[in-house]
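input26.cif, holding mmCIF, C-alpha atoms and all ligand atoms:
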```
data_structure
#
loop_
_atom_site.label_atom_id
_atom_site.label_comp_id
_atom_site.auth_asym_id
_atom_site.auth_seq_id
_atom_site.Cartn_x
_atom_site.Cartn_y
_atom_site.Cartn_z
CA MET A 1 17.15 -79.81 -29.68
CA ARG A 2 15.31 -81.12 -32.74
CA THR A 3 12.09 -83.08 -33.12
CA GLN A 4 12.91 -85.86 -35.58
CA TYR A 5 11.02 -88.56 -37.40
CA TYR A 6 13.63 -91.32 -37.82
CA THR A 7 12.36 -94.43 -39.54
CA ALA A 8 12.85 -97.00 -42.28
CA ALA A 9 10.51 -97.20 -45.25
CA SER A 10 10.14 -99.18 -48.44
CA LEU A 11 11.07 -97.46 -51.69
CA ASP A 12 7.35 -96.93 -52.34
CA GLY A 13 6.80 -95.18 -49.02
CA PHE A 14 5.49 -97.69 -46.50
CA ILE A 15 6.85 -98.30 -43.00
CA ALA A 16 5.01 -101.61 -42.47
CA THR A 17 2.66 -103.86 -44.38
CA ALA A 18 -1.07 -103.34 -43.83
CA ASP A 19 -1.00 -106.11 -41.19
CA ASP A 20 1.97 -104.49 -39.37
CA SER A 21 4.66 -106.87 -40.59
CA LEU A 22 8.30 -105.71 -40.62
CA GLU A 23 9.61 -109.01 -42.01
CA TRP A 24 10.78 -107.20 -45.13
CA LEU A 25 12.99 -104.84 -43.13
CA PHE A 26 15.42 -106.97 -41.18
CA PRO A 27 17.08 -108.82 -44.10
CA LEU A 28 18.07 -105.46 -45.60
CA GLY A 29 20.94 -104.77 -43.21
CA ASP A 30 22.25 -104.72 -39.67
CA VAL A 31 20.89 -101.76 -37.72
CA ASN A 32 24.26 -101.41 -35.99
CA GLU A 33 25.84 -100.65 -39.35
CA THR A 34 23.49 -97.74 -40.02
CA SER A 35 23.26 -94.28 -38.46
CA TYR A 36 21.02 -95.62 -35.67
CA PRO A 37 23.66 -96.12 -32.91
CA GLN A 38 24.77 -92.48 -33.28
CA PHE A 39 21.20 -91.24 -33.65
CA ILE A 40 19.85 -92.89 -30.50
CA GLN A 41 22.65 -91.44 -28.37
CA GLU A 42 21.29 -87.98 -29.09
CA VAL A 43 17.66 -88.83 -28.23
CA GLY A 44 16.25 -87.62 -24.90
CA ALA A 45 12.57 -88.60 -25.27
CA LEU A 46 10.52 -90.60 -27.75
CA ALA A 47 6.90 -91.03 -28.83
CA MET A 48 5.00 -93.69 -30.73
CA GLY A 49 1.45 -94.67 -31.62
CA SER A 50 -0.29 -97.74 -30.29
CA ALA A 51 0.27 -99.94 -33.37
CA THR A 52 4.02 -99.44 -33.03
CA TYR A 53 3.89 -100.11 -29.29
CA GLU A 54 1.81 -103.25 -29.80
CA TRP A 55 4.34 -104.43 -32.41
CA MET A 56 7.05 -104.03 -29.76
CA LEU A 57 4.95 -105.97 -27.28
CA ARG A 58 4.36 -108.84 -29.73
CA HIS A 59 7.84 -109.08 -31.23
CA VAL A 60 10.30 -107.78 -28.62
CA ILE A 61 8.75 -107.99 -25.16
CA LYS A 62 6.51 -111.07 -25.53
CA PRO A 63 5.19 -110.62 -21.98
CA ASP A 64 3.68 -114.12 -21.78
CA SER A 65 6.85 -115.96 -22.73
CA ASP A 66 9.12 -117.68 -20.21
CA ALA A 67 11.82 -115.07 -20.77
CA PRO A 68 10.21 -111.77 -21.74
CA GLY A 69 12.37 -109.38 -23.76
CA GLN A 70 13.64 -106.03 -22.55
CA TRP A 71 12.28 -102.63 -23.47
CA PRO A 72 15.13 -101.26 -25.59
CA TYR A 73 14.99 -97.59 -24.57
CA ASP A 74 16.51 -95.80 -21.56
CA GLN A 75 14.78 -92.56 -22.51
CA PRO A 76 11.23 -91.81 -21.33
CA ALA A 77 8.63 -92.87 -23.90
CA TRP A 78 5.15 -91.54 -24.61
CA VAL A 79 2.64 -93.92 -26.20
CA PHE A 80 -0.48 -92.48 -27.83
CA SER A 81 -3.66 -94.51 -27.57
CA HIS A 82 -7.36 -94.08 -26.84
CA ARG A 83 -7.29 -97.53 -25.28
CA GLU A 84 -5.88 -98.91 -22.06
CA LEU A 85 -2.68 -100.75 -22.95
CA PRO A 86 -0.46 -102.88 -20.74
CA GLY A 87 2.76 -101.32 -19.46
CA ILE A 88 6.14 -103.03 -19.24
CA PRO A 89 7.83 -103.56 -15.86
CA GLY A 90 10.83 -101.29 -15.39
CA ALA A 91 10.15 -99.20 -18.52
CA ASP A 92 9.45 -95.47 -18.32
CA ILE A 93 6.34 -95.34 -20.51
CA ARG A 94 3.62 -92.68 -20.25
CA PHE A 95 0.30 -93.37 -21.97
CA VAL A 96 -1.34 -90.30 -23.46
CA GLN A 97 -4.04 -89.32 -25.93
CA GLY A 98 -5.31 -86.34 -27.89
CA ASP A 99 -3.46 -83.10 -28.66
CA VAL A 100 0.24 -83.68 -29.31
CA ARG A 101 1.28 -80.13 -28.25
CA PRO A 102 1.16 -80.51 -24.45
CA VAL A 103 2.80 -83.90 -24.80
CA HIS A 104 5.58 -82.34 -26.86
CA ASP A 105 6.12 -79.77 -24.09
CA GLN A 106 6.56 -82.61 -21.60
CA MET A 107 8.88 -84.46 -23.97
CA ARG A 108 11.07 -81.39 -24.53
CA ALA A 109 11.37 -80.84 -20.80
CA ALA A 110 12.33 -84.48 -20.22
CA ALA A 111 14.76 -84.51 -23.15
CA ASN A 112 16.77 -81.77 -21.43
CA GLY A 113 18.43 -80.44 -24.57
CA ARG A 114 18.63 -83.73 -26.44
CA ASN A 115 16.40 -84.55 -29.42
CA VAL A 116 12.80 -85.77 -29.44
CA TRP A 117 12.36 -88.93 -31.53
CA LEU A 118 9.03 -89.55 -33.20
CA VAL A 119 9.20 -93.30 -33.79
CA GLY A 120 5.97 -93.43 -35.82
CA GLY A 121 3.62 -94.29 -37.32
CA GLY A 122 3.06 -91.75 -40.03
CA GLY A 123 -0.34 -90.56 -38.83
CA LEU A 124 1.02 -89.63 -35.41
CA VAL A 125 4.01 -87.86 -36.95
CA GLY A 126 1.53 -86.04 -39.19
CA GLN A 127 -0.16 -84.65 -36.07
CA PHE A 128 3.18 -83.23 -34.89
CA TYR A 129 3.72 -81.79 -38.37
CA ASP A 130 0.25 -80.20 -38.34
CA ALA A 131 1.12 -78.54 -35.02
CA GLY A 132 4.36 -77.11 -36.47
CA LEU A 133 6.50 -79.31 -34.25
CA LEU A 134 8.36 -81.49 -36.76
CA ASP A 135 11.91 -80.33 -37.56
CA ASP A 136 13.54 -83.22 -39.46
CA ILE A 137 12.66 -86.39 -41.36
CA LEU A 138 15.38 -89.06 -41.48
CA VAL A 139 14.37 -92.02 -43.63
CA GLN A 140 16.29 -95.21 -44.28
CA VAL A 141 14.84 -96.07 -47.68
CA GLY A 142 14.98 -99.86 -47.97
CA SER A 143 15.64 -101.55 -51.31
CA VAL A 144 12.19 -103.15 -51.47
CA THR A 145 8.69 -102.22 -52.57
CA LEU A 146 5.60 -103.32 -50.67
CA GLY A 147 2.78 -102.14 -52.93
CA SER A 148 0.62 -101.13 -50.00
CA GLY A 149 0.81 -100.77 -46.25
CA LYS A 150 1.19 -98.22 -43.45
CA PRO A 151 2.23 -94.88 -44.98
CA LEU A 152 5.47 -93.06 -44.16
CA LEU A 153 3.76 -89.68 -43.74
CA PRO A 154 0.19 -89.20 -44.97
CA ARG A 155 0.46 -85.44 -45.52
CA GLN A 156 0.92 -83.21 -48.55
CA ILE A 157 4.10 -81.17 -48.11
CA THR A 158 4.80 -79.46 -51.40
CA SER A 159 5.32 -75.71 -51.29
CA PRO A 160 7.70 -75.01 -49.82
CA SER A 161 9.08 -78.48 -50.22
CA LEU A 162 11.18 -80.33 -47.69
CA ARG A 163 14.89 -79.45 -47.80
CA LEU A 164 17.15 -82.41 -48.59
CA VAL A 165 20.25 -82.03 -46.43
CA SER A 166 22.09 -85.32 -46.92
CA VAL A 167 22.10 -88.65 -48.74
CA ARG A 168 24.09 -91.65 -47.54
CA GLN A 169 24.31 -95.26 -48.62
CA PHE A 170 24.40 -98.15 -46.14
CA GLY A 171 25.29 -101.23 -48.18
CA PRO A 172 22.95 -102.48 -50.91
CA GLY A 173 19.94 -102.34 -48.57
CA PHE A 174 19.49 -98.71 -47.52
CA ALA A 175 19.72 -95.14 -48.78
CA GLU A 176 19.39 -92.68 -45.94
CA LEU A 177 17.70 -89.39 -46.79
CA ARG A 178 17.71 -86.53 -44.30
CA TYR A 179 15.29 -83.65 -44.74
CA GLU A 180 14.54 -80.47 -42.85
CA VAL A 181 10.92 -79.38 -42.61
CA PRO A 182 10.97 -75.68 -43.55
CA PRO A 183 9.51 -73.24 -41.01
CA LEU A 184 6.94 -71.88 -43.45
CA THR A 185 5.50 -75.34 -43.97
CA LYS A 186 5.32 -75.81 -40.23
CA ALA A 187 2.98 -72.84 -39.62
N1 LIG B 201 9.75 -99.15 -40.63
C1 LIG B 201 10.01 -98.69 -39.42
O1 LIG B 201 11.15 -98.38 -39.09
C2 LIG B 201 8.89 -98.47 -38.48
C3 LIG B 201 8.96 -97.46 -37.53
C4 LIG B 201 7.89 -97.26 -36.68
C5 LIG B 201 6.78 -98.07 -36.78
N2 LIG B 201 6.77 -99.06 -37.69
C6 LIG B 201 5.60 -99.94 -37.83
O2 LIG B 201 4.66 -99.22 -38.62
C7 LIG B 201 3.34 -99.50 -38.15
C8 LIG B 201 2.72 -98.16 -37.75
O3 LIG B 201 1.39 -98.34 -37.57
P1 LIG B 201 0.35 -97.11 -37.72
O4 LIG B 201 0.64 -96.39 -38.98
O5 LIG B 201 -0.99 -97.71 -37.51
O6 LIG B 201 0.73 -96.09 -36.60
P2 LIG B 201 0.86 -95.93 -35.01
O7 LIG B 201 1.11 -94.48 -34.85
O8 LIG B 201 1.87 -96.86 -34.44
O9 LIG B 201 -0.57 -96.32 -34.37
C9 LIG B 201 -1.70 -95.59 -34.73
C10 LIG B 201 -2.68 -95.63 -33.60
O10 LIG B 201 -2.20 -94.86 -32.48
C11 LIG B 201 -3.29 -94.28 -31.79
N3 LIG B 201 -3.16 -92.82 -31.87
C12 LIG B 201 -2.56 -92.08 -32.84
N4 LIG B 201 -2.63 -90.76 -32.55
C13 LIG B 201 -3.29 -90.66 -31.38
C14 LIG B 201 -3.65 -89.56 -30.54
N5 LIG B 201 -3.37 -88.29 -30.87
N6 LIG B 201 -4.30 -89.83 -29.39
C15 LIG B 201 -4.58 -91.10 -29.04
N7 LIG B 201 -4.27 -92.19 -29.78
C16 LIG B 201 -3.62 -91.96 -30.95
C17 LIG B 201 -4.55 -94.75 -32.51
O11 LIG B 201 -4.97 -96.02 -32.00
P3 LIG B 201 -5.83 -96.35 -30.67
O12 LIG B 201 -6.41 -95.07 -30.15
O13 LIG B 201 -6.85 -97.33 -31.12
O14 LIG B 201 -4.86 -96.98 -29.72
C18 LIG B 201 -4.04 -95.00 -33.91
O15 LIG B 201 -4.84 -95.88 -34.66
C19 LIG B 201 3.49 -100.48 -37.00
O16 LIG B 201 3.36 -101.79 -37.50
C20 LIG B 201 4.93 -100.29 -36.54
O17 LIG B 201 5.47 -101.46 -35.97
C21 LIG B 201 7.77 -99.26 -38.57
#
```
Take the structure in this file and express it as C-alpha cells.
Ligand SMILES: NC(=O)c1ccc[n+]([C@@H]2O[C@H](COP(=O)([O-])OP(=O)(O)OC[C@H]3O[C@@H](n4cnc5c(N)ncnc54)[C@H](OP(=O)(O)O)[C@@H]3O)[C@@H](O)[C@H]2O)c1
Amino acid sequence: MRTQYYTAASLDGFIATADDSLEWLFPLGDVNETSYPQFIQEVGALAMGSATYEWMLRHVIKPDSDAPGQWPYDQPAWVFSHRELPGIPGADIRFVQGDVRPVHDQMRAAANGRNVWLVGGGGLVGQFYDAGLLDDILVQVGSVTLGSGKPLLPRQITSPSLRLVSVRQFGPGFAELRYEVPPLTKA
C-alpha cells in the first residue's frame, strides 16, 4: 500500500493555469494510452482539494445540465474544504477539513491494501508530505510550458533528494517520471 501523488504537469511545473484551466492538457495525448488505466486499478481511496473538486463539478458533472455527467471514481473519495460544497448523487464522497493525518488513517482503512491516490492540488499533497505520509510522486510531464499557474508541489525537497525510479515516454506529449520520497525526507 503506497500513498501516491499521480498527476500531469507542464514542463515548468504547473498542474493548472492560475484560473484552473486544463485546456492545455487534453490535446497532449489520450489518457487511455498512458499509465493511468493500470494506475487507477490499484487505487483504493483518493483525496483532492476543493479547487480540483470544483473543476470536476464544472467540467465533468455539470449538475445543472439536462444530462449531468458521472463521477468517474468507484473508490471512496475525500474532498478537503473549509466550505460547504455540494455532493454528487450516487458518489461516495466525504467532505473533510484540517489535519490530513486522521483522514489518511481513514483512507488507508478504506483502501484495504490498495494504494491511496492524492489527486491534488500541490498544496494539499504538500500537507501529506509534511506529515510524512507521501511515498511516491508520479508525474506525466506534458510537452508545454505555462509560465505561471497552480504549482505541482510547493515544497523544498532537496537533501536527501527524491529518488528517480523510472522514466517512460508516452508519444510526443508526455514523459512520465516516477519518484520515491525517501524516508528521511518524510520525517
Ligand atoms: N494536471 C492535473 O493532472 C491535475 C490534477 C489535479 C488537479 N488539477 C487542477 O489543478 C488545480 C489545483 O488547484 P489548487 O492548487 O488550488 O488545489 P486544490 O488542492 O484542488 O484546492 C485547494 C483548496 O482546497 C482546500 N483545502 C486544502 N487543504 C485543506 C485542508 N487541510 N482543510 C480544508 N480545506 C483544504 C482550500 O480551499 P477551501 O477551504 O476554500 O475550500 C484550498 O484553497 C485545479 O484546477 C485542478 O483541476 C490538475
_Taking all atoms listed in the file into account, list the residues no farther than 9 Å from ligand LIG 201 (chain B), as a PyMOL selection string._
chain A and resi 6-10+14-22+25+48-56+79-85+95-100+118-125+127+139-140+149-153
*Of the candidates A:Pro76, A:Gly90, A:Pro154, A:Gly29, which one gets nearest to Ala110 (chain A) if we count all atoms listed in the file?*
A:Pro76
*Can you tell me how far CA of Pro89 (chain A) sits from CA of Leu57 (chain A), in Å to one decimal?*
12.0 Å
*Enter the distance from CA of Val144 (chain A) to CA of Leu28 (chain A), in Å, rounded to one decimal.*
8.6 Å
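Note that CA of Gly147 (chain A) and CA of Arg168 (chain A) are 24.4 Å apart.
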*Identify the residues within 8 Å of coordinate (21.3, -84.8, -46.7) (same frame as the file), considering all atoms listed in the file, and give the answer as a VMD selection string.*
chain A and resid 164 to 168 177 to 179
Could you dump the residues just selected with C-alpha atoms as a compact mmCIF listing (two decimals), in the coordinates of the input?
```txt
# COMPACT_ATOMS: atom_id res chain seq x y z
CA LEU A 164 17.15 -82.41 -48.59
CA VAL A 165 20.25 -82.03 -46.43
CA SER A 166 22.09 -85.32 -46.92
CA VAL A 167 22.10 -88.65 -48.74
CA ARG A 168 24.09 -91.65 -47.54
CA LEU A 177 17.70 -89.39 -46.79
CA ARG A 178 17.71 -86.53 -44.30
CA TYR A 179 15.29 -83.65 -44.74
```
*Identify which of the residues A:Gln106, A:Asn115, A:His59, A:Gly87 lies closest to Glu23 (chain A), counting only C-alpha atoms when measuring atom-to-atom distances.*
A:His59
*asked:* I'd like the neighbourhood of Ile93 (chain A) as a PyMOL selection string, where a residue qualifies if any of its atoms comes within 6 Å (using only C-alpha atoms), though same-chain residues fewer than 2 positions away should be ignored.
replied: chain A and resi 77-78+91
_Taking (24.8, -87.2, -28.3) as a centre in this file's frame and 12 Å as the limit, can you find every polymer residue with an atom that close, using all atoms listed in the file, and give them as a PyMOL selection string?_
chain A and resi 1+36-44+111-115
